[in-house]
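Peer 1: Take a look at model-v9.txt, compact mmCIF, C-alpha atoms:
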# COMPACT_ATOMS: atom_id res chain seq x y z
CA MET A 77 236.20 97.85 200.81
CA ASN A 78 233.33 97.88 198.34
CA PHE A 79 233.93 96.81 194.77
CA PRO A 80 233.20 99.69 192.38
CA ASP A 81 230.88 99.77 189.41
CA THR A 82 233.35 99.03 186.63
CA LEU A 83 231.20 100.14 183.73
CA ILE A 84 232.67 102.85 181.56
CA PRO A 85 230.66 106.08 181.93
CA LYS A 86 228.14 106.56 179.14
CA VAL A 87 229.22 110.18 178.66
CA LYS A 88 232.81 110.95 177.71
CA GLU A 89 234.30 113.59 179.98
CA GLU A 90 237.24 115.19 178.14
CA SER A 91 238.50 116.76 181.36
CA LEU A 92 239.25 113.28 182.74
CA PHE A 93 241.67 112.26 179.99
CA LEU A 94 245.40 112.39 180.67
CA SER A 95 248.18 112.14 178.16
CA PRO A 96 251.33 110.23 179.03
CA LEU A 97 254.11 112.46 180.35
CA SER A 98 256.85 110.36 178.75
CA ALA A 99 257.44 107.32 176.60
CA GLY A 100 257.14 105.21 179.77
CA TYR A 101 253.44 106.09 180.03
CA ASN A 102 253.69 107.40 183.58
CA ALA A 103 251.34 110.06 184.88
CA LEU A 104 251.34 111.74 188.26
CA ILE A 105 247.77 112.24 189.42
CA THR A 106 247.27 115.27 191.61
CA SER A 107 244.36 116.64 193.57
CA ARG A 108 243.69 119.82 195.56
CA GLU A 109 242.03 117.64 198.20
CA SER A 110 243.62 114.74 200.03
CA TRP A 111 243.13 111.40 198.29
CA ASN A 112 241.20 110.17 201.32
CA GLN A 113 238.70 113.01 200.74
CA VAL A 114 238.52 112.38 196.98
CA ILE A 115 237.84 108.67 197.42
CA MET A 116 235.38 109.28 200.27
CA GLN A 117 233.30 111.38 197.84
CA LEU A 118 233.06 108.50 195.38
CA PRO A 119 230.08 106.13 195.52
CA ASN A 120 232.57 103.41 196.58
CA ASP A 121 235.89 103.53 198.38
CA THR A 122 237.79 102.83 195.18
CA LEU A 123 239.06 105.02 192.35
CA SER A 124 238.92 103.30 188.96
CA ILE A 125 241.26 104.50 186.23
CA TYR A 126 240.73 103.28 182.68
CA ILE A 127 243.53 103.03 180.10
CA PHE A 128 242.61 103.14 176.42
CA LYS A 129 244.64 102.88 173.25
CA GLU A 130 244.85 106.26 171.56
CA ALA A 131 243.73 104.60 168.30
CA THR A 132 240.60 103.32 170.06
CA ILE A 133 239.68 106.80 171.30
CA ASN A 134 240.32 108.27 167.85
CA SER A 135 238.58 105.51 165.87
CA TYR A 136 235.36 104.74 167.73
CA PRO A 137 232.49 106.82 169.06
CA TRP A 138 232.36 106.87 172.86
CA GLU A 139 229.11 104.88 172.86
CA ILE A 140 230.87 101.94 171.17
CA ILE A 141 233.89 102.20 173.50
CA SER A 142 231.56 102.20 176.48
CA THR A 143 229.16 99.43 175.46
CA GLU A 144 231.85 97.12 174.04
CA TYR A 145 234.21 97.84 176.97
CA LYS A 146 237.18 98.66 174.75
CA VAL A 147 239.49 99.06 177.73
CA LEU A 148 243.17 98.30 177.47
CA LYS A 149 243.53 98.19 181.28
CA ARG A 150 241.46 99.21 184.31
CA TYR A 151 243.00 99.91 187.69
CA ASP A 152 240.92 99.92 190.88
CA PHE A 153 242.85 101.92 193.50
CA SER A 154 242.27 102.29 197.20
CA VAL A 155 243.87 105.20 199.05
CA GLN A 156 246.45 102.75 200.40
CA ASP A 157 247.28 101.60 196.85
CA LEU A 158 247.83 105.19 195.72
CA GLU A 159 249.94 105.97 198.78
CA SER A 160 252.13 102.90 198.28
CA LEU A 161 252.73 103.99 194.67
CA ASN A 162 253.46 107.59 195.67
CA TYR A 163 250.39 108.51 193.55
CA GLN A 164 252.17 107.49 190.35
CA VAL A 165 250.17 105.36 187.94
CA SER A 166 252.08 103.47 185.25
CA TYR A 167 251.09 101.71 182.10
CA PRO A 168 252.06 99.03 181.56
CA PRO A 169 251.78 98.19 185.24
CA THR A 170 255.03 97.88 187.12
CA GLU A 171 256.00 95.07 189.47
CA GLN A 172 255.20 97.49 192.32
CA MET A 173 251.57 97.52 191.07
CA LYS A 174 251.10 93.73 191.04
CA ASN A 175 248.80 93.77 194.10
CA VAL A 176 246.51 96.51 192.76
CA ARG A 177 243.20 95.19 191.50
CA MET A 178 243.17 95.47 187.73
CA TYR A 179 241.49 94.10 184.64
CA PRO A 180 242.85 92.25 182.86
CA PRO A 181 244.84 90.93 185.85
CA TYR A 182 248.52 91.73 186.32
CA GLU A 183 250.90 89.46 184.43
CA GLY A 184 254.54 89.88 185.40
CA ASN A 185 257.17 90.25 182.73
Could I get this file's structure written as structure tokens?

Peer 2:
Amino acid sequence: MNFPDTLIPKVKEESLFLSPLSAGYNALITSRESWNQVIMQLPNDTLSIYIFKEATINSYPWEIISTEYKVLKRYDFSVQDLESLNYQVSYPPTEQMKNVRMYPPYEGN
């Protein structure tokens, strides 16, 4: 497994932003293609998902968010990680996510 480039993209892509589906901050990520195909199309074999505070997105220009790395949490998922989580990504991370690579690292409750 290659480690991905973990820089935030310089250009904000609105289509990539998800809103939480409930107060628990869970989102089900879907794709028309299999996740193996999606990840195989990436430059690395890992899908990185960035979590930001809504206030950060609303208060700072994207250039500042990107250059100052104003990330609340970053997950680096393999296909196996997504499969083991039934493709459900949670914030804050659940105990089930403790072995997923993330920054800052997982800290159990």

Peer 1: Give me, please, the distance in Å between CA of Lys146 in chain A and CA of Met178 in chain A, quoted to one decimal.

Peer 2: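 Rounded to one decimal, the two atoms are 14.6 Å apart.
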
Peer 1: Name all residues at most 8 Å from Val147 in chain A (count all atoms listed in the file; drop same-chain ones fewer than 2 positions away) and give them as a VMD selection string.

Peer 2: chain A and resid 126 to 129 141 145 149 to 150

Peer 1: For CA of Leu148 in chain A and CA of Pro168 in chain A, quote the distance in Å rounded to one decimal.

Peer 2: 9.8 Å

Peer 1: Give me, please, the distance in Å between CA of Tyr182 in chain A and CA of Ser154 in chain A, quoted to one decimal.

Peer 2: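 One can read the CA of Tyr182 in chain A to CA of Ser154 in chain A distance as 16.4 Å.
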
Peer 1: Which polymer residues, protein or nucleic acid, are no farther than 9 Å from (231.4, 97.7, 181.2), counting all atoms listed in the file, as a PyMOL selection string?

Peer 2: chain A and resi 81-85+142-147

Peer 1: Just C-alpha atoms for this one: save the residues we selected as an mmCIF file, keeping the file's coordinate frame.

Peer 2:
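Everything below was put into result-v7.cif:
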data_model
loop_
_atom_site.group_PDB
_atom_site.id
_atom_site.type_symbol
_atom_site.label_atom_id
_atom_site.label_comp_id
_atom_site.auth_asym_id
_atom_site.auth_seq_id
_atom_site.Cartn_x
_atom_site.Cartn_y
_atom_site.Cartn_z
ATOM 1 C CA ASP A 81 230.880 99.770 189.410
ATOM 2 C CA THR A 82 233.350 99.030 186.630
ATOM 3 C CA LEU A 83 231.200 100.140 183.730
ATOM 4 C CA ILE A 84 232.670 102.850 181.560
ATOM 5 C CA PRO A 85 230.660 106.080 181.930
ATOM 6 C CA SER A 142 231.560 102.200 176.480
ATOM 7 C CA THR A 143 229.160 99.430 175.460
ATOM 8 C CA GLU A 144 231.850 97.120 174.040
ATOM 9 C CA TYR A 145 234.210 97.840 176.970
ATOM 10 C CA LYS A 146 237.180 98.660 174.750
ATOM 11 C CA VAL A 147 239.490 99.060 177.730
#

Peer 1: Which residues are near Asp157 in chain A? Cut-off 7 Å, all atoms listed in the file, ignore same chain within fewer than 4 positions. Put them as a VMD selection string.

Peer 2: chain A and resid 153 161 176

Peer 1: Which one is closest to Tyr179 in chain A: A:Glu139, A:Ile125, A:Leu158, A:Gln164? Count only C-alpha atoms.

Peer 2: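 Nearest to Tyr179 in chain A: A:Ile125.
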